[in-house]
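Text of run27.cif (mmCIF, C-alpha atoms; chains and numbers go by the auth columns) as supplied:
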```cif
data_run
#
loop_
_atom_site.group_PDB
_atom_site.id
_atom_site.type_symbol
_atom_site.label_atom_id
_atom_site.label_comp_id
_atom_site.label_asym_id
_atom_site.label_seq_id
_atom_site.Cartn_x
_atom_site.Cartn_y
_atom_site.Cartn_z
_atom_site.B_iso_or_equiv
_atom_site.auth_seq_id
_atom_site.auth_asym_id
ATOM 1 C CA MET A 1 21.878 26.847 29.518 0.00 1162 A
ATOM 2 C CA THR A 2 18.431 26.333 28.044 0.00 1163 A
ATOM 3 C CA SER A 3 16.281 23.319 28.772 0.00 1164 A
ATOM 4 C CA LYS A 4 16.686 22.142 25.163 0.00 1165 A
ATOM 5 C CA HIS A 5 20.472 22.003 25.531 0.00 1166 A
ATOM 6 C CA ARG A 6 20.200 20.246 28.887 0.00 1167 A
ATOM 7 C CA LEU A 7 17.835 17.702 27.393 0.00 1168 A
ATOM 8 C CA THR A 8 20.045 16.969 24.386 0.00 1169 A
ATOM 9 C CA ARG A 9 23.139 16.757 26.584 0.00 1170 A
ATOM 10 C CA SER A 10 21.316 14.331 28.876 0.00 1171 A
ATOM 11 C CA PHE A 11 20.288 12.094 25.978 0.00 1172 A
ATOM 12 C CA ARG A 12 23.823 12.138 24.558 0.00 1173 A
ATOM 13 C CA THR A 13 25.270 11.216 27.968 0.00 1174 A
ATOM 14 C CA ILE A 14 22.751 8.425 28.510 0.00 1175 A
ATOM 15 C CA SER A 15 23.428 7.130 24.999 0.00 1176 A
ATOM 16 C CA ALA A 16 27.185 7.147 25.586 0.00 1177 A
ATOM 17 C CA LEU A 17 26.840 5.287 28.888 0.00 1178 A
ATOM 18 C CA LEU A 18 24.489 2.765 27.298 0.00 1179 A
ATOM 19 C CA TYR A 19 26.894 2.112 24.402 0.00 1180 A
ATOM 20 C CA LEU A 20 29.773 1.661 26.858 0.00 1181 A
ATOM 21 C CA ALA A 21 27.702 -0.876 28.799 0.00 1182 A
ATOM 22 C CA ASN A 22 26.762 -2.624 25.528 0.00 1183 A
ATOM 23 C CA ILE A 23 30.463 -2.876 24.652 0.00 1184 A
ATOM 24 C CA ALA A 24 31.208 -4.378 28.078 0.00 1185 A
ATOM 25 C CA VAL A 25 28.408 -6.956 27.757 0.00 1186 A
ATOM 26 C CA SER A 26 29.497 -7.852 24.212 0.00 1187 A
ATOM 27 C CA ILE A 27 33.132 -8.338 25.235 0.00 1188 A
ATOM 28 C CA HIS A 28 32.044 -10.434 28.216 0.00 1189 A
ATOM 29 C CA PHE A 29 29.960 -12.595 25.872 0.00 1190 A
ATOM 30 C CA ALA A 30 32.827 -12.886 23.371 0.00 1191 A
ATOM 31 C CA TRP A 31 35.156 -14.103 26.120 0.00 1192 A
ATOM 32 C CA ALA A 32 33.611 -17.599 25.946 0.00 1193 A
ATOM 33 C CA PRO A 33 35.771 -19.990 23.896 0.00 1194 A
ATOM 34 C CA HIS A 34 33.085 -20.672 21.298 0.00 1195 A
ATOM 35 C CA TYR A 35 33.280 -19.514 17.713 0.00 1196 A
ATOM 36 C CA LEU A 36 29.823 -17.929 17.528 0.00 1197 A
ATOM 37 C CA HIS A 37 30.212 -16.245 20.907 0.00 1198 A
ATOM 38 C CA ILE A 38 33.439 -14.630 19.749 0.00 1199 A
ATOM 39 C CA LEU A 39 31.996 -13.644 16.363 0.00 1200 A
ATOM 40 C CA VAL A 40 28.733 -12.177 17.660 0.00 1201 A
ATOM 41 C CA GLY A 41 30.330 -10.544 20.700 0.00 1202 A
ATOM 42 C CA ALA A 42 33.092 -8.907 18.670 0.00 1203 A
ATOM 43 C CA THR A 43 30.660 -7.718 15.995 0.00 1204 A
ATOM 44 C CA MET A 44 28.314 -6.161 18.545 0.00 1205 A
ATOM 45 C CA ALA A 45 31.213 -4.576 20.424 0.00 1206 A
ATOM 46 C CA LEU A 46 32.392 -3.011 17.166 0.00 1207 A
ATOM 47 C CA ALA A 47 28.877 -1.817 16.250 0.00 1208 A
ATOM 48 C CA SER A 48 28.411 -0.348 19.730 0.00 1209 A
ATOM 49 C CA ALA A 49 31.807 1.370 19.526 0.00 1210 A
ATOM 50 C CA VAL A 50 30.853 2.971 16.204 0.00 1211 A
ATOM 51 C CA MET A 51 27.543 4.132 17.647 0.00 1212 A
ATOM 52 C CA LEU A 52 29.383 5.495 20.697 0.00 1213 A
ATOM 53 C CA CYS A 53 31.548 7.561 18.358 0.00 1214 A
ATOM 54 C CA VAL A 54 28.419 8.802 16.555 0.00 1215 A
ATOM 55 C CA ALA A 55 26.682 9.681 19.830 0.00 1216 A
ATOM 56 C CA ILE A 56 29.583 11.716 21.231 0.00 1217 A
ATOM 57 C CA GLU A 57 30.771 12.883 17.787 0.00 1218 A
ATOM 58 C CA SER A 58 34.366 12.047 18.597 0.00 1219 A
ATOM 59 C CA PRO A 59 37.154 11.107 17.641 0.00 1220 A
ATOM 60 C CA THR A 60 37.369 13.361 14.624 0.00 1221 A
ATOM 61 C CA ALA A 61 39.047 10.782 12.372 0.00 1222 A
ATOM 62 C CA VAL A 62 36.198 8.288 12.810 0.00 1223 A
ATOM 63 C CA ILE A 63 33.531 10.956 12.351 0.00 1224 A
ATOM 64 C CA ASN A 64 35.183 12.255 9.179 0.00 1225 A
ATOM 65 C CA TYR A 65 35.422 8.718 7.801 0.00 1226 A
ATOM 66 C CA LEU A 66 31.725 8.073 8.522 0.00 1227 A
ATOM 67 C CA GLU A 67 30.681 11.414 7.024 0.00 1228 A
ATOM 68 C CA ARG A 68 32.524 10.645 3.772 0.00 1229 A
ATOM 69 C CA SER A 69 30.928 7.199 3.546 0.00 1230 A
ATOM 70 C CA SER A 70 27.507 6.918 1.893 0.00 1231 A
ATOM 71 C CA VAL A 71 26.375 4.376 4.487 0.00 1232 A
ATOM 72 C CA GLY A 72 28.128 6.000 7.435 0.00 1233 A
ATOM 73 C CA ILE A 73 26.433 9.361 6.954 0.00 1234 A
ATOM 74 C CA GLN A 74 23.080 7.642 7.566 0.00 1235 A
ATOM 75 C CA LEU A 75 24.155 6.799 11.133 0.00 1236 A
ATOM 76 C CA PHE A 76 23.809 10.469 12.060 0.00 1237 A
ATOM 77 C CA THR A 77 20.081 10.457 11.216 0.00 1238 A
ATOM 78 C CA PHE A 78 17.333 9.120 13.438 0.00 1239 A
ATOM 79 C CA ARG A 79 16.464 6.366 10.980 0.00 1240 A
ATOM 80 C CA GLY A 80 20.070 5.150 10.782 0.00 1241 A
ATOM 81 C CA ARG A 81 20.558 5.211 14.514 0.00 1242 A
ATOM 82 C CA TYR A 82 17.219 3.515 15.073 0.00 1243 A
ATOM 83 C CA MET A 83 18.176 0.686 12.707 0.00 1244 A
ATOM 84 C CA MET A 84 21.617 0.204 14.291 0.00 1245 A
ATOM 85 C CA ASP A 85 20.213 0.292 17.822 0.00 1246 A
ATOM 86 C CA LEU A 86 17.538 -2.217 16.869 0.00 1247 A
ATOM 87 C CA PHE A 87 20.184 -4.452 15.280 0.00 1248 A
ATOM 88 C CA VAL A 88 22.402 -4.267 18.365 0.00 1249 A
ATOM 89 C CA SER A 89 19.524 -4.802 20.800 0.00 1250 A
ATOM 90 C CA LEU A 90 18.329 -7.924 18.959 0.00 1251 A
ATOM 91 C CA TYR A 91 21.779 -9.454 19.268 0.00 1252 A
ATOM 92 C CA LEU A 92 22.041 -8.363 22.897 0.00 1253 A
ATOM 93 C CA PHE A 93 18.915 -10.381 23.669 0.00 1254 A
ATOM 94 C CA ALA A 94 20.958 -13.455 22.663 0.00 1255 A
ATOM 95 C CA MET A 95 23.559 -12.709 25.375 0.00 1256 A
ATOM 96 C CA PRO A 96 21.917 -13.714 28.659 0.00 1257 A
ATOM 97 C CA PRO A 97 21.637 -12.528 31.404 0.00 1258 A
ATOM 98 C CA TRP A 98 23.098 -9.029 30.996 0.00 1259 A
ATOM 99 C CA GLY A 99 22.290 -8.890 27.312 0.00 1260 A
ATOM 100 C CA PHE A 100 18.560 -9.083 28.086 0.00 1261 A
ATOM 101 C CA ILE A 101 18.814 -6.062 30.332 0.00 1262 A
ATOM 102 C CA MET A 102 20.972 -4.055 27.933 0.00 1263 A
ATOM 103 C CA GLY A 103 18.805 -4.979 24.931 0.00 1264 A
ATOM 104 C CA ALA A 104 15.715 -3.766 26.774 0.00 1265 A
ATOM 105 C CA LEU A 105 17.464 -0.557 27.865 0.00 1266 A
ATOM 106 C CA THR A 106 18.596 0.075 24.284 0.00 1267 A
ATOM 107 C CA LEU A 107 14.998 -0.249 23.080 0.00 1268 A
ATOM 108 C CA VAL A 108 13.817 2.071 25.863 0.00 1269 A
ATOM 109 C CA LEU A 109 16.403 4.616 24.727 0.00 1270 A
ATOM 110 C CA ILE A 110 15.216 4.383 21.119 0.00 1271 A
ATOM 111 C CA PHE A 111 11.601 4.967 22.082 0.00 1272 A
ATOM 112 C CA GLY A 112 12.586 7.668 24.585 0.00 1273 A
ATOM 113 C CA ILE A 113 14.390 9.590 21.868 0.00 1274 A
ATOM 114 C CA ARG A 114 11.374 9.196 19.562 0.00 1275 A
ATOM 115 C CA PHE A 115 9.153 10.512 22.348 0.00 1276 A
ATOM 116 C CA LEU A 116 11.558 13.445 22.650 0.00 1277 A
ATOM 117 C CA GLY A 117 11.096 14.080 18.930 0.00 1278 A
ATOM 118 C CA VAL A 118 7.344 14.306 19.354 0.00 1279 A
ATOM 119 C CA LYS A 119 7.421 16.546 22.436 0.00 1280 A
ATOM 120 C CA GLN A 120 10.547 18.623 21.702 0.00 1281 A
ATOM 121 C CA PRO A 121 11.203 18.775 17.940 0.00 1282 A
ATOM 122 C CA ASP A 122 13.935 21.405 18.330 0.00 1283 A
ATOM 123 C CA ALA A 123 15.939 19.197 20.692 0.00 1284 A
ATOM 124 C CA PHE A 124 15.378 16.216 18.403 0.00 1285 A
ATOM 125 C CA ASN A 125 16.709 18.168 15.418 0.00 1286 A
ATOM 126 C CA GLU A 126 19.761 19.160 17.461 0.00 1287 A
ATOM 127 C CA ILE A 127 20.588 15.505 18.156 0.00 1288 A
ATOM 128 C CA PHE A 128 19.991 14.142 14.642 0.00 1289 A
ATOM 129 C CA ARG A 129 20.698 15.318 11.143 0.00 1290 A
ATOM 130 C CA GLN A 130 17.980 15.265 8.517 0.00 1291 A
ATOM 131 C CA SER A 131 18.551 13.075 5.503 0.00 1292 A
ATOM 132 C CA ASP A 132 17.086 13.651 2.058 0.00 1293 A
ATOM 133 C CA ILE A 133 15.157 10.389 2.269 0.00 1294 A
ATOM 134 C CA GLU A 134 13.563 11.284 5.620 0.00 1295 A
ATOM 135 C CA SER A 135 12.560 14.749 4.505 0.00 1296 A
ATOM 136 C CA GLN A 136 10.893 13.313 1.400 0.00 1297 A
ATOM 137 C CA SER A 137 9.031 10.574 3.253 0.00 1298 A
ATOM 138 C CA ASP A 138 7.808 12.777 6.099 0.00 1299 A
ATOM 139 C CA SER A 139 5.122 14.394 3.977 0.00 1300 A
ATOM 140 C CA TYR A 140 1.970 12.339 3.952 0.00 1301 A
ATOM 141 C CA THR A 141 0.882 13.231 0.454 0.00 1302 A
ATOM 142 C CA MET A 142 2.738 14.040 -2.661 0.00 1303 A
ATOM 143 C CA GLU A 143 1.548 17.577 -3.121 0.00 1304 A
ATOM 144 C CA SER A 144 2.317 17.746 -6.805 0.00 1305 A
ATOM 145 C CA GLU A 145 0.166 14.697 -7.538 0.00 1306 A
ATOM 146 C CA TYR A 146 -2.923 15.863 -5.681 0.00 1307 A
ATOM 147 C CA ASP A 147 -2.930 19.577 -6.331 0.00 1308 A
ATOM 148 C CA THR A 148 -5.761 20.754 -8.475 0.00 1309 A
ATOM 149 C CA PRO A 149 -5.283 23.819 -10.565 0.00 1310 A
ATOM 150 C CA VAL A 150 -7.095 26.865 -9.337 0.00 1311 A
ATOM 151 C CA THR A 151 -9.249 28.495 -11.969 0.00 1312 A
ATOM 152 C CA ASP A 152 -10.913 31.817 -11.530 0.00 1313 A
ATOM 153 C CA ARG A 153 -14.637 31.776 -12.065 0.00 1314 A
ATOM 154 C CA GLN A 154 -16.383 34.878 -13.171 0.00 1315 A
#
```

Encoded form (structure tokens):
Amino acid sequence: MTSKHRLTRSFRTISALLYLANIAVSIHFAWAPHYLHILVGATMALASAVMLCVAIESPTAVINYLERSSVGIQLFTFRGRYMMDLFVSLYLFAMPPWGFIMGALTLVLIFGIRFLGVKQPDAFNEIFRQSDIESQSDSYTMESEYDTPVTDRQ
């Protein structure tokens, strides 16, 4: 097994364990008999469960449903996962004391994966799909706007 595959498998495993812990913290928070605790805890547990399914790419029925959805397909890209992880971590910070820890660990995971993308682009591309929007915005200049025609001088 190559180091790239070991690295991607490690990040997928860490992500899965982190999402499982986020689900546990969210359910623990939702257990309080207060309306907002139940609402926020259940919503974050559901969001973490969806992201767990995206991270491990299983069960097939959920993955197929997300792939057919215009919003769900974005969860497989780095930008979509980044936004969902940021959303979940912000709500986890409102669930003391374990929510603070899990929110911070979720942010560390996000930045760790981004660091992986800088150092190991092949492993990063194996973890995430490329979206049309990301591929268009990754170029720093619009080449067609700034190209000057080449004329031969004689």

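Across the structure, CA of Pro1220 in chain A and CA of Arg1240 in chain A are spaced 22.2 Å apart.
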
Find the residues around range 1205-1210 of chain A up to 7 Å (all atoms listed in the file counted), leave out those fewer than 4 positions away in its own chain, and share them as a short mmCIF file (atom, residue, chain, number, x, y, z; two decimals) with C-alpha atoms, keeping the file's coordinate frame.
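Result file is out34.cif:
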```cif
data_model
loop_
_atom_site.label_atom_id
_atom_site.label_comp_id
_atom_site.auth_asym_id
_atom_site.auth_seq_id
_atom_site.Cartn_x
_atom_site.Cartn_y
_atom_site.Cartn_z
CA TYR A 1180 26.89 2.11 24.40
CA ASN A 1183 26.76 -2.62 25.53
CA ILE A 1184 30.46 -2.88 24.65
CA SER A 1187 29.50 -7.85 24.21
CA ILE A 1188 33.13 -8.34 25.24
CA VAL A 1201 28.73 -12.18 17.66
CA CYS A 1214 31.55 7.56 18.36
CA VAL A 1249 22.40 -4.27 18.36
#
```

Review point. Which residues, protein or nucleic acid, reach to within 10 Å of (17.4, 6.0, 26.2) in the file's coordinates when using all atoms listed in the file, and can you give that as a ChimeraX atom specification?
Key: /A:1171-1179,1265-1275

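In this comparison, which uses all atoms listed in the file, the residue of A:Leu1200, A:Met1256, A:Ile1217, A:Met1244 approaching Thr1169 in chain A most closely is A:Ile1217.
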
Exercise for review: Carefully work through the PyMOL selection byres ((chain A and resi 1290) around 9) for this structure and note down the residues it includes, as an MDAnalysis selection string.
Suggested key: chainID A and resid 1235 1237:1239 1286:1289 1291:1292

How big is the axis-aligned box around the listed atoms of range 1211-1224 of chain A once 8 Å is added on each side, and where is its centre? Give both in Å to one decimal, as AutoDock Vina command-line options.
```
--center_x 32.9 --center_y 8.2 --center_z 16.8 --size_x 28.4 --size_y 26.4 --size_z 24.9
```

Check your understanding: Which neighbours of Ile1224 in chain A fall inside 12 Å, counting all atoms listed in the file, when residues of the same chain fewer than 6 positions from it are skipped, and could you give them as number ranges by chain?
Key -> A: 1211-1218, 1230, 1233-1237

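For the atom pair formed by CA of Leu1197 in chain A and CA of Leu1227 in chain A, the distance is 27.6 Å, given to one decimal.
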
Study note, to complete from the structure: Students should find that CA of Val1279 in chain A and CA of Gly1241 in chain A are spaced 17.9 Å

The PyMOL selection byres ((chain A and resi 1253) around 9) on the file shown: which residues, as a PDB file with C-alpha atoms, keeping the file's coordinate frame?
```pdb
ATOM      1  CA  ASN A1183      26.762  -2.624  25.528  1.00  0.00           C
ATOM      2  CA  VAL A1186      28.408  -6.956  27.757  1.00  0.00           C
ATOM      3  CA  SER A1187      29.497  -7.852  24.212  1.00  0.00           C
ATOM      4  CA  GLY A1202      30.330 -10.544  20.700  1.00  0.00           C
ATOM      5  CA  MET A1205      28.314  -6.161  18.545  1.00  0.00           C
ATOM      6  CA  PHE A1248      20.184  -4.452  15.280  1.00  0.00           C
ATOM      7  CA  VAL A1249      22.402  -4.267  18.365  1.00  0.00           C
ATOM      8  CA  SER A1250      19.524  -4.802  20.800  1.00  0.00           C
ATOM      9  CA  LEU A1251      18.329  -7.924  18.959  1.00  0.00           C
ATOM     10  CA  TYR A1252      21.779  -9.454  19.268  1.00  0.00           C
ATOM     11  CA  PHE A1254      18.915 -10.381  23.669  1.00  0.00           C
ATOM     12  CA  ALA A1255      20.958 -13.455  22.663  1.00  0.00           C
ATOM     13  CA  MET A1256      23.559 -12.709  25.375  1.00  0.00           C
ATOM     14  CA  PRO A1257      21.917 -13.714  28.659  1.00  0.00           C
ATOM     15  CA  TRP A1259      23.098  -9.029  30.996  1.00  0.00           C
ATOM     16  CA  GLY A1260      22.290  -8.890  27.312  1.00  0.00           C
ATOM     17  CA  PHE A1261      18.560  -9.083  28.086  1.00  0.00           C
ATOM     18  CA  ILE A1262      18.814  -6.062  30.332  1.00  0.00           C
ATOM     19  CA  MET A1263      20.972  -4.055  27.933  1.00  0.00           C
ATOM     20  CA  GLY A1264      18.805  -4.979  24.931  1.00  0.00           C
ATOM     21  CA  ALA A1265      15.715  -3.766  26.774  1.00  0.00           C
TER      22      ALA A1265
END
```

Point to revise | Which residue of A:Tyr1226, A:Leu1168, A:Met1162, A:Ala1203 approaches Ala1284 in chain A most closely, using only C-alpha atoms | key: A:Leu1168
